[in-house]
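Heads up, the thing below is written out as structure tokens.
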Amino acid sequence: MELIYLLFILALSVFLGFALISRVPPLLHTPLMSEANAICGIIIIGALIAAGKDAGSPLTIILGTSAVALATFNVVGGYLVTERMLKMFKKKDGK
Amino acid sequence: MSSEFITNLAYIISSILFAFGLKFLGSPVTARRGNMLSSLGMLLAVVATLCGSHLISFQWILIGIIIGGSLGALVAFKAAMTQMPQMIALLHGCGALASVFVDWTAFDVHGVPDLTGAVTLYLSIVIGGLTVTGSAIAWGKLSEKITGKPILFTGQKWFNLSLISAILILGFIFIRHAGNTLDIFAPHPSLYPLFLAILILSLLFGVLMVIPIGGADMPVVISVLNSYSGIVACTTGFVIHNTLLIVVGALVGANGVILSIIMCKAMNRSITNVLFGAFGNVVKKTGTEEKKEAKSMSVEDAFLVLENAKSVVIIPGYGLAVAQAQHAVRELSEFLEKNGCDVKYAIHPVAGRMPGHMNVLLAEANIPYDQLMEMDAINPLMDNVDVAIIIGANDVVNPASRHDKSSPIYGMPIINADKAKTVFVLKRSMATGFAGIENELFYYDNCRMIFGDAKQTVQALVAEFKHAS
């Protein structure tokens, strides 16, 4: 039952993704991709559990901590660089 | 209410915020608000996980966040806009590596609890592994640390084929074995070597997957890796039973798929052709055609034409960014507008090194985005354009794609620059573009070549305008 429920969520999310993203104009495709990188950093919540709960042996401590560092890099780097790019898009009258 | 319930509730709100974030990216007016909402969603998800997951120790988390956060901020502020494609490739790789590490930890601590777990863990480390090294190679190619030319060796096809078979066979053994030795607390000792072997082969496959792809095809590679990085987040969600990972992974995966399709359409090639067929089989034409003469023009004469033009379309290619001519081009267009001329920029989908790259480069030079026109929007207007100025673009304006069936770019959608009354081509020499194809536009009667460095030529034109005013 658990699996079918996760697959159900997956199917709907794929539809949602296609519906939302096909409406993004080519003008914003690069910020869109960096935004996707940033939200892909959601793996951080898996990494937090790995580093904060599962880590016991030296191996899992290294894996968990690296995972947190890499995911945070994605989140922080992704959002900041998206913001930097979006700030540059201006209309003719300057706003 | 259990803390698990509250955490899941927070995850639902996060998903909604992410969805709105992407929705607001649909327009440049609301895009920044979207980015803000999305980052709030991320913050909420992190806080909910920290509070609601019965975490035991926080010191490793803190160390990880400090290292990752400071490096992320540093790179985000330091990266130049021309370096954006390699920055994105780097982020793909990091996300996938984080997923692989999370999978590994889950495997090490919890083993393989059920058959579904075995299948998703296998998929997750395979796709994760090849995304990590594939992104690393893409990063190397884009930052020109590795040659942009396709790297080929004899027996490559057979080597790749046997590598794929090995990954599939090992996977089959892994899943069967895991199904027989279901273990909730730790992996069965015999599973560990299999797990590591699959991971190492997947890492190797990632390298071999990207090295034969040429620099010109990088926009597709980046998009494909983007969708892989989403799929990995998704499969990891199945491994650790986390719904938010599945939702976000699906959103990112869909993003990568859409962008890959757009890029392939813009090059009139199939995705399999890009990923598995090296582009170099240019049909060599026999020398029966008479050698035509391209007409060149001086900057002074070009100025006289531009001075009388009522509408100008500038068609930039990646060469414009290489020459760092964006700011000079903006200056030129300001003078043209002061002169009562309508200036537009026509952007081909594959101009630049990744989807939308050219738009960012022009936005950085303070060119207003309402002047940037997509190919399909500008083409019907080209007949009424007085001057089309092509700067650093080549294949995307080659009219051969419309009629010459023997041309390798036949069928590729182009910007119809040749329809303009006069066409200026700013170019260093008569050399061919990425695809190595002769551009017949250069020999058209309405086309004039202005040879020299693009930036210097544009600056010279600006100087002429300054002089005249």
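Chains: A, B, ... in order of the structure tokens. Residues: from 1 per chain. Ligands: from 1, in order shown.
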
Would you pick out the contacts of Ala73 (chain B) at 7 Å or less, using only C-alpha atoms, so that residues sharing its chain but fewer than 5 positions from it are not included, and give the list as a VMD selection string? chain A and resid 76 to 77 80

Could the residues of chain B that have an atom at most 6 Å from chain A be listed as JSON lines, each with its closest atom pair and the distance in Å to one decimal, counting only C-alpha atoms and ordered by chain and ascending residue number?
{"residue": "B:Lys23", "atom": "CA", "partner": "A:Leu20", "partner_atom": "CA", "distance": 5.6}
{"residue": "B:Gly26", "atom": "CA", "partner": "A:Val24", "partner_atom": "CA", "distance": 4.1}
{"residue": "B:Leu55", "atom": "CA", "partner": "A:Lys53", "partner_atom": "CA", "distance": 4.9}
{"residue": "B:Ile56", "atom": "CA", "partner": "A:Lys53", "partner_atom": "CA", "distance": 5.4}
{"residue": "B:Ser57", "atom": "CA", "partner": "A:Gly52", "partner_atom": "CA", "distance": 4.9}
{"residue": "B:Phe58", "atom": "CA", "partner": "A:Gly52", "partner_atom": "CA", "distance": 5.7}
{"residue": "B:Trp60", "atom": "CA", "partner": "A:Thr65", "partner_atom": "CA", "distance": 5.5}
{"residue": "B:Ile61", "atom": "CA", "partner": "A:Ala51", "partner_atom": "CA", "distance": 6.0}
{"residue": "B:Gly64", "atom": "CA", "partner": "A:Ala69", "partner_atom": "CA", "distance": 4.1}
{"residue": "B:Ile65", "atom": "CA", "partner": "A:Ala69", "partner_atom": "CA", "distance": 5.4}
{"residue": "B:Ile67", "atom": "CA", "partner": "A:Ala69", "partner_atom": "CA", "distance": 5.9}
{"residue": "B:Gly68", "atom": "CA", "partner": "A:Ala69", "partner_atom": "CA", "distance": 4.0}
{"residue": "B:Gly69", "atom": "CA", "partner": "A:Phe73", "partner_atom": "CA", "distance": 5.3}
{"residue": "B:Gly72", "atom": "CA", "partner": "A:Gly77", "partner_atom": "CA", "distance": 4.1}
{"residue": "B:Ala73", "atom": "CA", "partner": "A:Gly77", "partner_atom": "CA", "distance": 5.4}
{"residue": "B:Ala76", "atom": "CA", "partner": "A:Val81", "partner_atom": "CA", "distance": 4.9}
{"residue": "B:Leu91", "atom": "CA", "partner": "A:Asn74", "partner_atom": "CA", "distance": 5.7}
{"residue": "B:Cys94", "atom": "CA", "partner": "A:Leu70", "partner_atom": "CA", "distance": 5.5}
{"residue": "B:Gly95", "atom": "CA", "partner": "A:Ala71", "partner_atom": "CA", "distance": 5.9}
{"residue": "B:Ala98", "atom": "CA", "partner": "A:Ala67", "partner_atom": "CA", "distance": 4.3}
{"residue": "B:Phe101", "atom": "CA", "partner": "A:Leu63", "partner_atom": "CA", "distance": 5.4}
{"residue": "B:Val102", "atom": "CA", "partner": "A:Ala47", "partner_atom": "CA", "distance": 5.7}
{"residue": "B:Thr105", "atom": "CA", "partner": "A:Thr60", "partner_atom": "CA", "distance": 5.6}
{"residue": "B:Val247", "atom": "CA", "partner": "A:Ser13", "partner_atom": "CA", "distance": 5.4}
{"residue": "B:Ala250", "atom": "CA", "partner": "A:Val14", "partner_atom": "CA", "distance": 5.1}
{"residue": "B:Leu251", "atom": "CA", "partner": "A:Gly17", "partner_atom": "CA", "distance": 4.3}
{"residue": "B:Val252", "atom": "CA", "partner": "A:Ala36", "partner_atom": "CA", "distance": 5.5}
{"residue": "B:Ala254", "atom": "CA", "partner": "A:Gly17", "partner_atom": "CA", "distance": 5.4}
{"residue": "B:Pro355", "atom": "CA", "partner": "A:His29", "partner_atom": "CA", "distance": 5.5}
{"residue": "B:Gly356", "atom": "CA", "partner": "A:His29", "partner_atom": "CA", "distance": 4.6}
{"residue": "B:His357", "atom": "CA", "partner": "A:Thr30", "partner_atom": "CA", "distance": 5.7}
{"residue": "B:Asn359", "atom": "CA", "partner": "A:Leu27", "partner_atom": "CA", "distance": 5.8}
{"residue": "B:Ala363", "atom": "CA", "partner": "A:Phe89", "partner_atom": "CA", "distance": 5.3}
{"residue": "B:Glu364", "atom": "CA", "partner": "A:Met88", "partner_atom": "CA", "distance": 5.6}
{"residue": "B:Pro368", "atom": "CA", "partner": "A:Lys91", "partner_atom": "CA", "distance": 4.7}
{"residue": "B:Tyr369", "atom": "CA", "partner": "A:Lys91", "partner_atom": "CA", "distance": 5.7}
{"residue": "B:Asp370", "atom": "CA", "partner": "A:Lys91", "partner_atom": "CA", "distance": 5.9}

Could you save those same residues with N, CA and C atoms as a tab-separated table (two decimals), in the first residue's frame?
chain	number	residue	atom	x	y	z
B	23	LYS	N	5.53	28.59	-10.74
B	23	LYS	CA	4.46	29.27	-11.46
B	23	LYS	C	4.84	30.74	-11.68
B	26	GLY	N	6.95	32.10	-14.49
B	26	GLY	CA	6.34	32.22	-15.81
B	26	GLY	C	6.41	33.62	-16.38
B	55	LEU	N	15.95	13.88	15.62
B	55	LEU	CA	17.39	13.84	15.37
B	55	LEU	C	18.12	13.76	16.70
B	56	ILE	N	19.26	13.11	16.68
B	56	ILE	CA	19.99	12.88	17.93
B	56	ILE	C	21.14	13.89	18.06
B	57	SER	N	21.93	13.98	17.02
B	57	SER	CA	23.09	14.86	17.13
B	57	SER	C	23.03	15.95	16.07
B	58	PHE	N	23.52	17.10	16.43
B	58	PHE	CA	23.44	18.24	15.51
B	58	PHE	C	24.80	18.75	15.07
B	60	TRP	N	27.31	17.41	13.40
B	60	TRP	CA	27.71	17.14	12.00
B	60	TRP	C	26.87	17.96	11.03
B	61	ILE	N	25.58	18.11	11.39
B	61	ILE	CA	24.68	18.92	10.56
B	61	ILE	C	25.22	20.34	10.47
B	64	GLY	N	28.28	20.59	8.32
B	64	GLY	CA	27.91	20.45	6.90
B	64	GLY	C	27.29	21.73	6.37
B	65	ILE	N	26.37	22.30	7.16
B	65	ILE	CA	25.66	23.50	6.69
B	65	ILE	C	26.61	24.68	6.56
B	67	ILE	N	29.92	24.61	5.99
B	67	ILE	CA	30.80	24.42	4.83
B	67	ILE	C	30.03	24.65	3.53
B	68	GLY	N	28.90	23.92	3.39
B	68	GLY	CA	28.13	24.00	2.15
B	68	GLY	C	27.59	25.39	1.90
B	69	GLY	N	27.06	26.01	2.96
B	69	GLY	CA	26.45	27.32	2.81
B	69	GLY	C	27.45	28.38	2.40
B	72	GLY	N	28.60	27.75	-1.15
B	72	GLY	CA	27.52	28.06	-2.09
B	72	GLY	C	27.39	29.56	-2.31
B	73	ALA	N	27.43	30.33	-1.22
B	73	ALA	CA	27.30	31.78	-1.32
B	73	ALA	C	28.48	32.36	-2.10
B	76	ALA	N	28.11	31.53	-5.79
B	76	ALA	CA	26.98	32.23	-6.39
B	76	ALA	C	27.30	33.70	-6.66
B	91	LEU	N	26.27	22.32	-9.91
B	91	LEU	CA	25.15	22.12	-8.97
B	91	LEU	C	24.44	20.79	-9.23
B	94	CYS	N	26.61	18.15	-7.61
B	94	CYS	CA	26.57	18.16	-6.14
B	94	CYS	C	25.26	17.58	-5.63
B	95	GLY	N	24.15	17.95	-6.26
B	95	GLY	CA	22.85	17.43	-5.83
B	95	GLY	C	22.82	15.92	-5.95
B	98	ALA	N	25.01	14.27	-3.29
B	98	ALA	CA	24.33	14.28	-1.99
B	98	ALA	C	23.30	13.14	-1.95
B	101	PHE	N	24.99	9.83	-1.44
B	101	PHE	CA	25.45	9.66	-0.05
B	101	PHE	C	24.29	9.34	0.89
B	102	VAL	N	23.14	9.99	0.64
B	102	VAL	CA	21.97	9.69	1.47
B	102	VAL	C	21.54	8.24	1.26
B	105	THR	N	24.04	5.97	3.06
B	105	THR	CA	23.82	5.94	4.51
B	105	THR	C	22.61	5.09	4.85
B	247	VAL	N	8.01	14.59	-4.70
B	247	VAL	CA	7.33	15.70	-5.37
B	247	VAL	C	8.35	16.61	-6.07
B	250	ALA	N	10.18	15.04	-8.99
B	250	ALA	CA	9.34	14.97	-10.19
B	250	ALA	C	9.28	16.34	-10.88
B	251	LEU	N	9.18	17.41	-10.10
B	251	LEU	CA	9.14	18.75	-10.70
B	251	LEU	C	10.43	19.03	-11.46
B	252	VAL	N	11.57	18.73	-10.83
B	252	VAL	CA	12.86	19.00	-11.47
B	252	VAL	C	13.06	18.09	-12.68
B	254	ALA	N	10.75	16.86	-14.62
B	254	ALA	CA	9.92	17.38	-15.71
B	254	ALA	C	10.59	18.58	-16.35
B	355	PRO	N	20.11	26.58	-22.20
B	355	PRO	CA	18.83	27.21	-22.49
B	355	PRO	C	18.72	28.59	-21.84
B	356	GLY	N	18.39	29.60	-22.63
B	356	GLY	CA	18.16	30.94	-22.09
B	356	GLY	C	19.42	31.71	-21.73
B	357	HIS	N	20.59	31.16	-22.05
B	357	HIS	CA	21.85	31.79	-21.64
B	357	HIS	C	22.01	33.19	-22.23
B	359	ASN	N	19.82	35.35	-23.14
B	359	ASN	CA	18.95	36.35	-22.49
B	359	ASN	C	19.59	36.89	-21.23
B	363	ALA	N	20.68	40.65	-20.54
B	363	ALA	CA	20.08	41.34	-19.38
B	363	ALA	C	21.18	41.92	-18.50
B	364	GLU	N	22.30	41.20	-18.40
B	364	GLU	CA	23.41	41.69	-17.59
B	364	GLU	C	23.93	43.02	-18.15
B	368	PRO	N	16.91	45.92	-21.96
B	368	PRO	CA	15.59	45.58	-21.40
B	368	PRO	C	15.02	44.32	-22.04
B	369	TYR	N	14.39	43.47	-21.21
B	369	TYR	CA	13.96	42.18	-21.74
B	369	TYR	C	12.82	42.29	-22.73
B	370	ASP	N	12.09	43.43	-22.74
B	370	ASP	CA	11.01	43.51	-23.73
B	370	ASP	C	11.55	43.75	-25.14

CA of Asn268 (chain B) to CA of Ile378 (chain B): how many Å, to one decimal?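 Between CA of Asn268 (chain B) and CA of Ile378 (chain B) the gap is 19.1 Å.
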
Can you tell me which residues surround Val274 (chain B) at a distance of at most 10 Å, considering only C-alpha atoms, apart from same-chain residues fewer than 2 positions away, and format the answer as a PyMOL selection string? chain B and resi 212-214+217-218+220-221+264+267+269-272+276-279

One-decimal distance in Å that lies between CA of Ala106 (chain B) and CA of Ala48 (chain B): 20.0 Å

Pairwise distance for CA of Leu115 (chain B) and CA of Arg176 (chain B), rounded to one decimal in Å: 8.3 Å

Enumerate as a PyMOL selection string all residues of region 159-217 of chain B assigned to helix (DSSP H, G or I) by DSSP on the backbone, naming them with the chain letters and numbers the document uses. chain B and resi 159-180+191-210+215-217

Residues within 12 Å of Ser2 (chain B), please, as a ChimeraX atom specification. Count only C-alpha atoms; anything in the same chain fewer than 3 positions from it doesn't count. /B:5-9,52-54

Which neighbours of region 295-302 of chain B fall inside 9 Å, counting only C-alpha atoms, when residues of the same chain fewer than 4 positions from it are skipped, and could you give them as a PDB file with C-alpha atoms, in the first residue's frame?
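File written: around.pdb
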ATOM      1  CA  LEU B 306      22.400  52.307 -40.035  1.00  0.00           C
ATOM      2  CA  GLU B 307      21.828  56.045 -39.816  1.00  0.00           C
ATOM      3  CA  PHE B 424      25.489  42.882 -41.680  1.00  0.00           C
ATOM      4  CA  PHE B 442      27.404  35.387 -46.583  1.00  0.00           C
ATOM      5  CA  TYR B 443      27.223  35.264 -50.386  1.00  0.00           C
ATOM      6  CA  TYR B 444      23.722  36.732 -50.701  1.00  0.00           C
ATOM      7  CA  ASP B 445      23.339  40.036 -52.535  1.00  0.00           C
ATOM      8  CA  CYS B 447      24.649  40.626 -47.171  1.00  0.00           C
ATOM      9  CA  ARG B 448      27.730  42.638 -46.193  1.00  0.00           C
ATOM     10  CA  MET B 449      30.590  41.312 -44.103  1.00  0.00           C
ATOM     11  CA  ILE B 450      32.220  43.629 -41.585  1.00  0.00           C
ATOM     12  CA  PHE B 451      35.430  41.851 -40.689  1.00  0.00           C
ATOM     13  CA  THR B 457      33.580  46.880 -34.748  1.00  0.00           C
ATOM     14  CA  VAL B 458      30.589  47.765 -32.585  1.00  0.00           C
ATOM     15  CA  ALA B 460      33.760  51.844 -33.966  1.00  0.00           C
ATOM     16  CA  LEU B 461      30.103  52.146 -35.016  1.00  0.00           C
ATOM     17  CA  GLU B 464      30.698  57.124 -35.635  1.00  0.00           C
TER      18      GLU B 464
END
